[in-house]
Amino acid sequence: MSEAVSHHEHHDHKPTGIGRWLFSTNHKDIGTMYLVFAGTMLFIGGAMAMVIRAELFQPGLQFVTPQFFNSMTTIHALVMIFGAVMPAGVGLANWMIPMMIGSPDMALPRMNNMSFWILPFAFTLLLSTLFMPGGGPAGGWTLYPPLVLQTGAAFPFLIFAIHFLGISSILGAINIIATVFNMRAPGMTFMRLPLFVWTWIITAFLLIASMPVLAGAVTMLLTDKFFGTSFFSAAGGGDPVMFQHVFWFFGHPEVYILVLPAFGIISQVIPTFARKPLFGYESMVYATASIAFLSFFVWAHHMFTVGMPLTGELFFMYATMSIAVPTGVKIFNWTATMWKGSMTFETPMLFAIGVVIMFSIGGFSGLMMGITPVDFQYHDTYFIVAHFHYVIVPGILFGLIAGVYFWLPKWTGHMYDEKLGKLHFWLSTISVNVLFFPMHFLGLAGMPRRIPDYNVQFTEWNQVASVGGFVFGLSQLIFVYLVYKCVRGGEKANDQVWEGAHGLEWTLPSPPPFHTFTTPPKVTEAMAHS
Amino acid sequence: MFFNKLRNCLTGIVTLVSFFRAGTAAADWKLNMTRGVTPISHEVYDLHMMILWIVTIIGIIVFGVIFWSVYHHRKSKGAVPAQFHHSTKAEIIWTIIPILILVGMAIPATKTLVMMEQTGDADITVKITGHQWFWEYEYKNEGIKFVSNLAEDSRNAKVLGSGVDPWKVNNYLLEVDKHVVLPVNKKIRLLTTGAEVIHAWWVPALGWKRDAIPGYINDNWAIITEPGIYRGQCAELCGMGHGFMPIVVEAVPEDKYLAWVEATKKAQTEAEAAAKSDKDLTADELKTRGEEIYKTTCAVCHQPTGKGVPGTFPALDGSVIANGPLADHIGRVLHGKNMMPAFGNQLSNADIASVITYERNSWGNHTGDVVQAKDVKAAR
């Protein structure tokens with residue numbers, strides 16, 4: 001193999017200097033930039049979460065004003081969703097999809113460069129609002145009018161930042177669809193695609209369908225604020241509730257935009273470490289597609305309390321409950337994949353099993369909230385905060401982290417420090433539960449979300465959650481150190497890296513040369529599903 | 001300052017540790033939803049518990065299988081991987097069973113939802129309007145209308161760095177100056193709407209919350225079965241005062257309720273007469289009254305010190321408006337600007353006159369101006 005490596009490297013003309021990154025059209029470099037950007041945003045958003053948990057450590061206001069607190073919750077959400085989780089998913093897609101389908105690069109490499117480089121500018125716009133008169137946006141990431149229209153100088157920056165993020169996502173989605181539809185190696189039929197590629201195609205279609213809706217909604221906000229329209233003002237003949245319908249028509253598919261790539265990753269990881277093929281490949285594909293399709297018919301469960309007609313409430317309740325069926329299929333399939341396997345528990349597998357269990361906990365509370373009459377109690381409380389953080393942190397974020405650990409040896413050519421990885425997993429898992437589980441109790445006991453201060457009866461569980469939050473935040477520094485160490489050196493990784501790994505990416509050298517699969521490989525049935 | 005904060009934090013950690021050591025005796029550690037005091041809240045609680053048990057049992061089964069597998073099917077125990085990768089039978093089973101469970105949940109949920117929508121035949125109707133940041137209550141048939149603000153001790157304690165211990169404040173952030181008094185065992189229809197932004201009216205013991213949306217009137221009902229005091233909060237983010245507009249419902253026997261209606265009506269009529277009379281008050285009367293109104297209405301943004309919040313809320317102390325032409329000052333209070341609401345339809349002429357007089361003669365402002373209700377009336 002070493003001969004092949006040096007042979008490859010001989011033709012490995014990498015551009016040098018800053019230009020390599022600024023003008024990059026290479027899917028691996030762009031993937032790396034996406035991942036580094038996402039990691040940076042994770043820590044910026046995380047720092048805001050630390051401000052929130054510090055203020056909520058005890059009743060009374062100790063550190064920040066209510067206005068600043070509100071802008072922390074608002075920007076924390078926007079940064080984590082649009083800056084951390086989505087770019088991390090796109091970064092992994094950029095790195096892995098061409099290598100998984102046997103393509104030399106993404107189909108539209110220049111557009112790839114543009115969709116990445118929009119992001120730093122968009123977030124500069126968004127984060128700069130914190131230093132403006134009147135402070136950052138503080139009306140919640142859901143941007144509900146009329147409250148959001150009270151935003152000061154930050155308002156147009158907020159809207160344009162969201163426009164840019166939307167453009168970046170749509171370009172990324174177009175690129176992924178174009179790549180998978182046109183650049184597959186001979187023999188790589190759709191039903192032989194790795195699950196990660198499948199979940200990303202479906203995610204890309206969700207992005208194309210839902211992002212323009214968000215763009216439309218925020219544009220209407222912009223004209224309401226500056227050009228005298230009254231789309232969302234009842235006094236002018238408009239309707240504030242219409243914004244919520246339009247927003248959540250984007251917002252619910254967005255949840256699946258975040259989660260499906262993570263589902264794809266653990267569908268790669270679990271079979272590898274169980275040394276057993278994925279159980280029910282076809283039903284996994286259909287379940288993913290059904291979840292995506294159904295996600296367009298459940299939006300109003302985010303707004304049961306606005307006062308819809310009974311029939312509307314019933315429709316959205318039944319539709320929401322029905323999503324539990326394909327989601328259950330996925331959980332059962334992962335369990336069946338582990339069943340009677342020959343498992344080892346390297347860090348990616350630990351994180352993947354963590355996802356199956358803790359995402360399920362988020363799913364259970366989601367099912368509870370889908371029951372409309374009970375949601376009238378849960379809505380806008382810490383129960384909801386607990387629910388979506390269980391889905392997004394130990395569900396999605398852990399899935400993305402599993403992906404990084406899984407492919408890190410492939411990217412760098414070095415094995416990461418397994419002991420540190422396990423320490424990272426256990427610290428994160430314990431602290432994330434200490435952080436988010438008590439929020440269920442707080443919500444049920446009656447604590448509304450998005451409040452900077454609370455009655456003394458809520459103190460105890462808030463303190464537990466804050467301690468969990470600080471430990472969780474610090475634990476992520478281990479991850480940064482581990483990745484840094486792995487990039488710098490370590491035990492050499494072989495091509496296959498993991499004993500049970502199957503798929504085209506594992507046939508390439510570790511690290512892969514700058515250009516891979518310039519001659520397409522031939523894919524057979526045995527290679528695809530073994 | 002920083003050391004104070006650090007000390008507060010450390011005290012918190014010490015308290016936390018001592019709670020763990022002392023057990024739960026001193027602490028709340030509340031875990032579950034309240035069962036509440038209305039037919040709706042009981043139904044909702046039972047539904048909640050039913051679903052909680054169902055998902056707990058499913059969780060125990062699924063996680064049990066996963067942990068069993070993790071324990072037994074590991075390479076280090078010499079497990080040899082099986083090669084099966086699908087089973088149509090298993091997949092049909094784990095599609096059908098969840099569907100049956102879901103249908104089982106949907107039936108009682110539908111019944112409860114239908115019951116919640118039966119808002120007709122009410123004995124009493126109360127219209128609730130959410131404002132930034134207080135609640136206004138209007139008893140339609142009784143002709144009672146009042147606003148309910150965060151209680152004064154909570155208001156003073158919740159200021160950043162106030163140094164007041166929230167444990168020593170009576171029902172910190174959950175007490176108001178005027179309770180909503182309602183009779184027990186009567187069907188009460190509660191209408192919710194919003195003044196400038198969306199709020200949500202939520203008293204957990206009643207079993208529901210409902211958004212209060214400008215331009216919409218939502219209806220809900222409650223029959224409170226036990227006398228008592230039930231506290232709640234605004235549940236929809238409505239700006240920086242969102243955490244500071246609690247709700248207190250006082251459920252009393254019918255005779256007490258009727259007595260309350262009488263007394264409140266009488267007091268209200270007298271107050272209205274006084275406000276409408278637009279008769280001149282002395283400078284001291286105006287200032288005392290103005291200070292009260294300033295504290296409940298203006299201090300949220302402009303701060304009790306009149307210094308505002310730099311960059312966000314302008315200071316009144318030494319400001320151009322509060323020291324410049326009187327007409328501009330009256331106009332600003334009547335009509336608002338940007339984030340500042342128009343108080344013209346919230347406060348009476350006498351109230352506005354008082355608060356302006358107070359603002360022009362407080363802190364470093366020494367204009368000596370005295371504004372009377374008739375001046376405000378003329379400016380409207």
# chains A, B, ... in the order shown; residues from 1 in each chain; ligands from 1
$ select_by_dssp --residues "range 17-72 of chain B" --states "alpha helix (DSSP H)" --output "number ranges by chain"
B: 17-22, 39-72
$ write_last_selection --atoms "C-alpha atoms" --output "mmCIF file, in the first residue's frame"
data_model
loop_
_atom_site.group_PDB
_atom_site.id
_atom_site.type_symbol
_atom_site.label_atom_id
_atom_site.label_comp_id
_atom_site.auth_asym_id
_atom_site.auth_seq_id
_atom_site.Cartn_x
_atom_site.Cartn_y
_atom_site.Cartn_z
ATOM 1 C CA VAL B 17 -24.172 20.588 48.504
ATOM 2 C CA SER B 18 -25.899 21.049 51.830
ATOM 3 C CA PHE B 19 -29.236 20.222 50.205
ATOM 4 C CA PHE B 20 -27.809 16.935 49.028
ATOM 5 C CA ARG B 21 -26.465 16.246 52.481
ATOM 6 C CA ALA B 22 -29.553 17.264 54.390
ATOM 7 C CA PRO B 39 -62.174 19.099 35.677
ATOM 8 C CA ILE B 40 -59.890 19.923 32.741
ATOM 9 C CA SER B 41 -56.716 19.848 34.817
ATOM 10 C CA HIS B 42 -57.667 16.456 36.245
ATOM 11 C CA GLU B 43 -58.233 15.011 32.760
ATOM 12 C CA VAL B 44 -54.975 16.514 31.534
ATOM 13 C CA TYR B 45 -53.066 15.153 34.517
ATOM 14 C CA ASP B 46 -54.480 11.660 34.010
ATOM 15 C CA LEU B 47 -53.581 11.768 30.304
ATOM 16 C CA HIS B 48 -50.085 12.975 31.171
ATOM 17 C CA MET B 49 -49.574 10.137 33.646
ATOM 18 C CA MET B 50 -50.971 7.555 31.222
ATOM 19 C CA ILE B 51 -48.595 8.585 28.439
ATOM 20 C CA LEU B 52 -45.697 8.923 30.843
ATOM 21 C CA TRP B 53 -46.214 5.312 31.959
ATOM 22 C CA ILE B 54 -46.585 4.080 28.375
ATOM 23 C CA VAL B 55 -43.334 5.695 27.220
ATOM 24 C CA THR B 56 -41.573 4.584 30.406
ATOM 25 C CA ILE B 57 -42.550 0.968 29.774
ATOM 26 C CA ILE B 58 -41.563 1.173 26.091
ATOM 27 C CA GLY B 59 -38.293 2.752 27.179
ATOM 28 C CA ILE B 60 -37.555 0.013 29.698
ATOM 29 C CA ILE B 61 -38.225 -2.685 27.069
ATOM 30 C CA VAL B 62 -36.215 -1.078 24.240
ATOM 31 C CA PHE B 63 -33.312 0.062 26.405
ATOM 32 C CA GLY B 64 -33.383 -3.331 28.142
ATOM 33 C CA VAL B 65 -32.922 -5.080 24.793
ATOM 34 C CA ILE B 66 -30.089 -2.691 23.883
ATOM 35 C CA PHE B 67 -28.273 -3.204 27.197
ATOM 36 C CA TRP B 68 -28.803 -6.966 27.050
ATOM 37 C CA SER B 69 -27.269 -6.946 23.596
ATOM 38 C CA VAL B 70 -24.413 -4.670 24.629
ATOM 39 C CA TYR B 71 -23.648 -6.995 27.517
ATOM 40 C CA HIS B 72 -23.960 -10.364 25.782
#
$ residues_around --residues "range 358-366 of chain B" --least-positions-apart "3" --cutoff "7 Å" --atoms "only C-alpha atoms" --output "list in words"
Lys287, Gly290, Glu291, Asp317, Gly318, Ala322, Asn323, Ser354, Val355 and Asp369 of chain B
$ write_last_selection --atoms "N, CA and C atoms" --output "JSON list (two decimals), in the first residue's frame"
[["chain", "number", "residue", "atom", "x", "y", "z"],
["B", 287, "LYS", "N", -46.92, 64.67, 42.71],
["B", 287, "LYS", "CA", -45.64, 63.96, 42.79],
["B", 287, "LYS", "C", -45.77, 62.61, 43.47],
["B", 290, "GLY", "N", -47.58, 60.44, 41.10],
["B", 290, "GLY", "CA", -46.68, 60.21, 39.96],
["B", 290, "GLY", "C", -45.61, 59.18, 40.28],
["B", 291, "GLU", "N", -45.10, 59.23, 41.50],
["B", 291, "GLU", "CA", -44.05, 58.29, 41.87],
["B", 291, "GLU", "C", -44.58, 56.85, 41.82],
["B", 317, "ASP", "N", -33.27, 61.27, 33.78],
["B", 317, "ASP", "CA", -32.51, 62.18, 34.61],
["B", 317, "ASP", "C", -31.61, 63.03, 33.71],
["B", 318, "GLY", "N", -31.94, 64.32, 33.64],
["B", 318, "GLY", "CA", -31.15, 65.23, 32.81],
["B", 318, "GLY", "C", -31.47, 65.17, 31.33],
["B", 322, "ALA", "N", -37.35, 65.55, 29.39],
["B", 322, "ALA", "CA", -37.85, 65.83, 30.74],
["B", 322, "ALA", "C", -37.48, 67.23, 31.22],
["B", 323, "ASN", "N", -36.58, 67.88, 30.50],
["B", 323, "ASN", "CA", -36.21, 69.25, 30.91],
["B", 323, "ASN", "C", -36.56, 70.29, 29.86],
["B", 354, "SER", "N", -49.65, 63.40, 36.62],
["B", 354, "SER", "CA", -48.87, 63.13, 37.83],
["B", 354, "SER", "C", -47.48, 62.63, 37.49],
["B", 355, "VAL", "N", -47.44, 61.66, 36.57],
["B", 355, "VAL", "CA", -46.15, 61.04, 36.30],
["B", 355, "VAL", "C", -45.20, 62.03, 35.63],
["B", 369, "ASP", "N", -41.93, 72.52, 37.00],
["B", 369, "ASP", "CA", -43.21, 72.47, 36.27],
["B", 369, "ASP", "C", -44.24, 71.63, 37.02]]
$ residues_around --residues "Leu92 in chain A" --least-positions-apart "6" --cutoff "10 Å" --atoms "only C-alpha atoms" --output "ChimeraX atom specification"
/A:28,30-32,34-35,196,261,265,400,403-404,407
$ residues_around --residues "range 343-352 of chain B" --least-positions-apart "3" --cutoff "10 Å" --atoms "only C-alpha atoms" --output "number ranges by chain"
B: 131, 147, 272, 274-281, 286, 289-290, 292-294, 297, 330-336, 340, 355-358, 371-380
$ write_last_selection --atoms "C-alpha atoms" --output "PDB file, in the first residue's frame"
ATOM      1  CA  HIS B 131     -49.664  44.129  28.149  1.00  0.00           C
ATOM      2  CA  VAL B 147     -54.714  45.933  35.979  1.00  0.00           C
ATOM      3  CA  GLU B 272     -63.008  56.786  38.070  1.00  0.00           C
ATOM      4  CA  ALA B 274     -61.654  61.203  40.734  1.00  0.00           C
ATOM      5  CA  ALA B 275     -59.706  60.494  37.549  1.00  0.00           C
ATOM      6  CA  LYS B 276     -62.379  61.917  35.277  1.00  0.00           C
ATOM      7  CA  SER B 277     -62.939  65.043  37.305  1.00  0.00           C
ATOM      8  CA  ASP B 278     -59.678  66.403  35.912  1.00  0.00           C
ATOM      9  CA  LYS B 279     -59.635  68.731  38.874  1.00  0.00           C
ATOM     10  CA  ASP B 280     -56.372  70.360  39.802  1.00  0.00           C
ATOM     11  CA  LEU B 281     -54.162  68.738  42.409  1.00  0.00           C
ATOM     12  CA  LEU B 286     -49.159  65.022  41.857  1.00  0.00           C
ATOM     13  CA  ARG B 289     -49.211  59.840  42.785  1.00  0.00           C
ATOM     14  CA  GLY B 290     -46.684  60.207  39.964  1.00  0.00           C
ATOM     15  CA  GLU B 292     -46.441  55.328  42.294  1.00  0.00           C
ATOM     16  CA  ILE B 293     -47.237  55.280  38.592  1.00  0.00           C
ATOM     17  CA  TYR B 294     -43.600  55.738  37.660  1.00  0.00           C
ATOM     18  CA  THR B 297     -45.228  51.679  34.656  1.00  0.00           C
ATOM     19  CA  ILE B 330     -46.723  65.117  27.211  1.00  0.00           C
ATOM     20  CA  GLY B 331     -46.712  64.083  23.552  1.00  0.00           C
ATOM     21  CA  ARG B 332     -44.083  61.395  24.125  1.00  0.00           C
ATOM     22  CA  VAL B 333     -46.015  59.827  26.998  1.00  0.00           C
ATOM     23  CA  LEU B 334     -49.316  59.995  25.093  1.00  0.00           C
ATOM     24  CA  HIS B 335     -48.068  58.653  21.771  1.00  0.00           C
ATOM     25  CA  GLY B 336     -44.857  56.692  22.535  1.00  0.00           C
ATOM     26  CA  MET B 340     -41.929  53.037  24.155  1.00  0.00           C
ATOM     27  CA  VAL B 355     -46.151  61.038  36.304  1.00  0.00           C
ATOM     28  CA  ILE B 356     -44.881  63.888  34.142  1.00  0.00           C
ATOM     29  CA  THR B 357     -44.833  66.206  37.133  1.00  0.00           C
ATOM     30  CA  TYR B 358     -42.865  63.573  39.037  1.00  0.00           C
ATOM     31  CA  VAL B 371     -48.797  69.534  34.977  1.00  0.00           C
ATOM     32  CA  GLN B 372     -52.527  69.221  35.554  1.00  0.00           C
ATOM     33  CA  ALA B 373     -55.016  66.758  34.071  1.00  0.00           C
ATOM     34  CA  LYS B 374     -56.566  69.522  31.984  1.00  0.00           C
ATOM     35  CA  ASP B 375     -53.195  70.156  30.272  1.00  0.00           C
ATOM     36  CA  VAL B 376     -53.025  66.522  29.220  1.00  0.00           C
ATOM     37  CA  LYS B 377     -56.652  66.605  28.090  1.00  0.00           C
ATOM     38  CA  ALA B 378     -55.880  69.611  25.931  1.00  0.00           C
ATOM     39  CA  ALA B 379     -52.884  67.857  24.382  1.00  0.00           C
ATOM     40  CA  ARG B 380     -54.822  64.719  23.379  1.00  0.00           C
TER      41      ARG B 380
END
$ closest_residue --among "A:Leu42, A:Val329, A:Ala204, A:Leu258" --to "Ile93 in chain B" --atoms "only C-alpha atoms"
A:Val329
$ residues_around --residues "Trp260 in chain B" --least-positions-apart "6" --cutoff "10 Å" --atoms "only C-alpha atoms" --output "ChimeraX atom specification"
/B:181-182,252,254,266
$ residues_around --residues "Thr129 in chain A" --least-positions-apart "5" --cutoff "8 Å" --atoms "only C-alpha atoms" --output "list in words"
Gly135, Gly136, Pro137, Ala153, Ala154, Phe157 and Leu158 of chain A
$ write_last_selection --atoms "N, CA and C atoms" --output "compact mmCIF listing (two decimals), in the first residue's frame"
# COMPACT_ATOMS: atom_id res chain seq x y z
N GLY A 135 -28.66 46.61 21.55
CA GLY A 135 -28.26 45.23 21.74
C GLY A 135 -28.71 44.30 20.63
N GLY A 136 -28.41 43.04 20.79
CA GLY A 136 -28.74 42.03 19.79
C GLY A 136 -30.23 41.74 19.75
N PRO A 137 -30.67 40.95 18.76
CA PRO A 137 -32.07 40.54 18.72
C PRO A 137 -32.41 39.77 19.99
N ALA A 153 -31.58 48.58 16.18
CA ALA A 153 -30.70 48.64 15.02
C ALA A 153 -30.31 47.25 14.53
N ALA A 154 -30.43 46.24 15.40
CA ALA A 154 -30.01 44.89 15.04
C ALA A 154 -30.92 44.25 13.99
N PHE A 157 -29.89 43.58 10.30
CA PHE A 157 -28.73 42.68 10.29
C PHE A 157 -29.17 41.25 10.53
N LEU A 158 -30.12 41.11 11.46
CA LEU A 158 -30.67 39.78 11.77
C LEU A 158 -31.30 39.18 10.52
$ residues_around --residues "Leu78 in chain A" --least-positions-apart "6" --cutoff "10 Å" --atoms "only C-alpha atoms" --output "JSON list (two decimals) with N, CA and C atoms, in the first residue's frame"
[["chain", "number", "residue", "atom", "x", "y", "z"],
["A", 45, "GLY", "N", -21.62, 29.60, 20.65],
["A", 45, "GLY", "CA", -22.98, 29.33, 21.15],
["A", 45, "GLY", "C", -22.95, 28.74, 22.54],
["A", 72, "MET", "N", -29.19, 36.55, 24.61],
["A", 72, "MET", "CA", -28.37, 35.33, 24.72],
["A", 72, "MET", "C", -29.16, 34.11, 24.26],
["A", 84, "ALA", "N", -23.57, 25.86, 14.04],
["A", 84, "ALA", "CA", -22.85, 24.67, 14.50],
["A", 84, "ALA", "C", -23.39, 23.41, 13.84],
["A", 123, "PHE", "N", -22.42, 35.24, 9.82],
["A", 123, "PHE", "CA", -22.33, 35.24, 11.28],
["A", 123, "PHE", "C", -21.65, 36.48, 11.82],
["A", 126, "LEU", "N", -24.54, 38.74, 12.12],
["A", 126, "LEU", "CA", -25.41, 38.39, 13.24],
["A", 126, "LEU", "C", -24.75, 38.75, 14.58],
["A", 140, "GLY", "N", -36.34, 35.99, 20.63],
["A", 140, "GLY", "CA", -36.40, 34.54, 20.44],
["A", 140, "GLY", "C", -36.03, 34.18, 19.01],
["A", 141, "TRP", "N", -35.40, 32.97, 18.84],
["A", 141, "TRP", "CA", -34.95, 32.61, 17.48],
["A", 141, "TRP", "C", -36.12, 32.39, 16.55],
["A", 142, "THR", "N", -37.33, 32.20, 17.12],
["A", 142, "THR", "CA", -38.51, 31.98, 16.29],
["A", 142, "THR", "C", -39.04, 33.28, 15.70],
["A", 158, "LEU", "N", -30.12, 41.11, 11.46],
["A", 158, "LEU", "CA", -30.67, 39.78, 11.77],
["A", 158, "LEU", "C", -31.30, 39.18, 10.52],
["A", 162, "ILE", "N", -30.04, 35.94, 8.20],
["A", 162, "ILE", "CA", -30.85, 34.74, 7.94],
["A", 162, "ILE", "C", -30.99, 34.50, 6.44]]
$ closest_residue --among "A:Tyr281, A:Phe406, A:Phe116, A:Phe160" --to "chain B" --atoms "only C-alpha atoms"
A:Tyr281
$ closest_residue --among "A:Ile174, A:Leu350, A:Ile75, A:Met211" --to "chain B" --atoms "only C-alpha atoms"
A:Leu350
$ atom_distance --atom1 "CA of Ser510 in chain A" --atom2 "CA of Lys410 in chain A"
4.7 Å
$ closest_residue --among "A:Met447, A:Ala38, A:Ala173, A:Ile323" --to "Thr381 in chain A" --atoms "only C-alpha atoms"
A:Met447
$ select_by_dssp --residues "range 232-285 of chain B" --states "strand (DSSP E)" --output "number ranges by chain"
B: 232-234, 247-252
$ write_last_selection --atoms "N, CA and C atoms" --output "PDB file, in the first residue's frame"
ATOM      1  N   GLY B 232     -49.537  31.709  38.572  1.00  0.00           N
ATOM      2  CA  GLY B 232     -49.052  31.363  37.244  1.00  0.00           C
ATOM      3  C   GLY B 232     -48.239  32.497  36.682  1.00  0.00           C
ATOM      4  N   GLN B 233     -47.792  32.329  35.430  1.00  0.00           N
ATOM      5  CA  GLN B 233     -46.919  33.318  34.809  1.00  0.00           C
ATOM      6  C   GLN B 233     -47.248  33.460  33.339  1.00  0.00           C
ATOM      7  N   CYS B 234     -46.715  34.523  32.738  1.00  0.00           N
ATOM      8  CA  CYS B 234     -46.783  34.652  31.289  1.00  0.00           C
ATOM      9  C   CYS B 234     -45.895  33.568  30.698  1.00  0.00           C
ATOM     10  N   ILE B 247     -49.396  35.899  37.482  1.00  0.00           N
ATOM     11  CA  ILE B 247     -50.854  35.833  37.556  1.00  0.00           C
ATOM     12  C   ILE B 247     -51.199  35.219  38.908  1.00  0.00           C
ATOM     13  N   VAL B 248     -52.131  35.820  39.629  1.00  0.00           N
ATOM     14  CA  VAL B 248     -52.584  35.191  40.866  1.00  0.00           C
ATOM     15  C   VAL B 248     -54.107  35.109  40.837  1.00  0.00           C
ATOM     16  N   VAL B 249     -54.605  33.883  40.841  1.00  0.00           N
ATOM     17  CA  VAL B 249     -56.045  33.650  40.865  1.00  0.00           C
ATOM     18  C   VAL B 249     -56.425  33.281  42.294  1.00  0.00           C
ATOM     19  N   GLU B 250     -57.445  33.972  42.822  1.00  0.00           N
ATOM     20  CA  GLU B 250     -57.918  33.668  44.169  1.00  0.00           C
ATOM     21  C   GLU B 250     -59.321  33.106  44.039  1.00  0.00           C
ATOM     22  N   ALA B 251     -59.469  31.821  44.321  1.00  0.00           N
ATOM     23  CA  ALA B 251     -60.783  31.187  44.218  1.00  0.00           C
ATOM     24  C   ALA B 251     -61.447  31.200  45.585  1.00  0.00           C
ATOM     25  N   VAL B 252     -62.662  31.763  45.647  1.00  0.00           N
ATOM     26  CA  VAL B 252     -63.346  31.922  46.935  1.00  0.00           C
ATOM     27  C   VAL B 252     -64.791  31.429  46.810  1.00  0.00           C
TER      28      VAL B 252
END
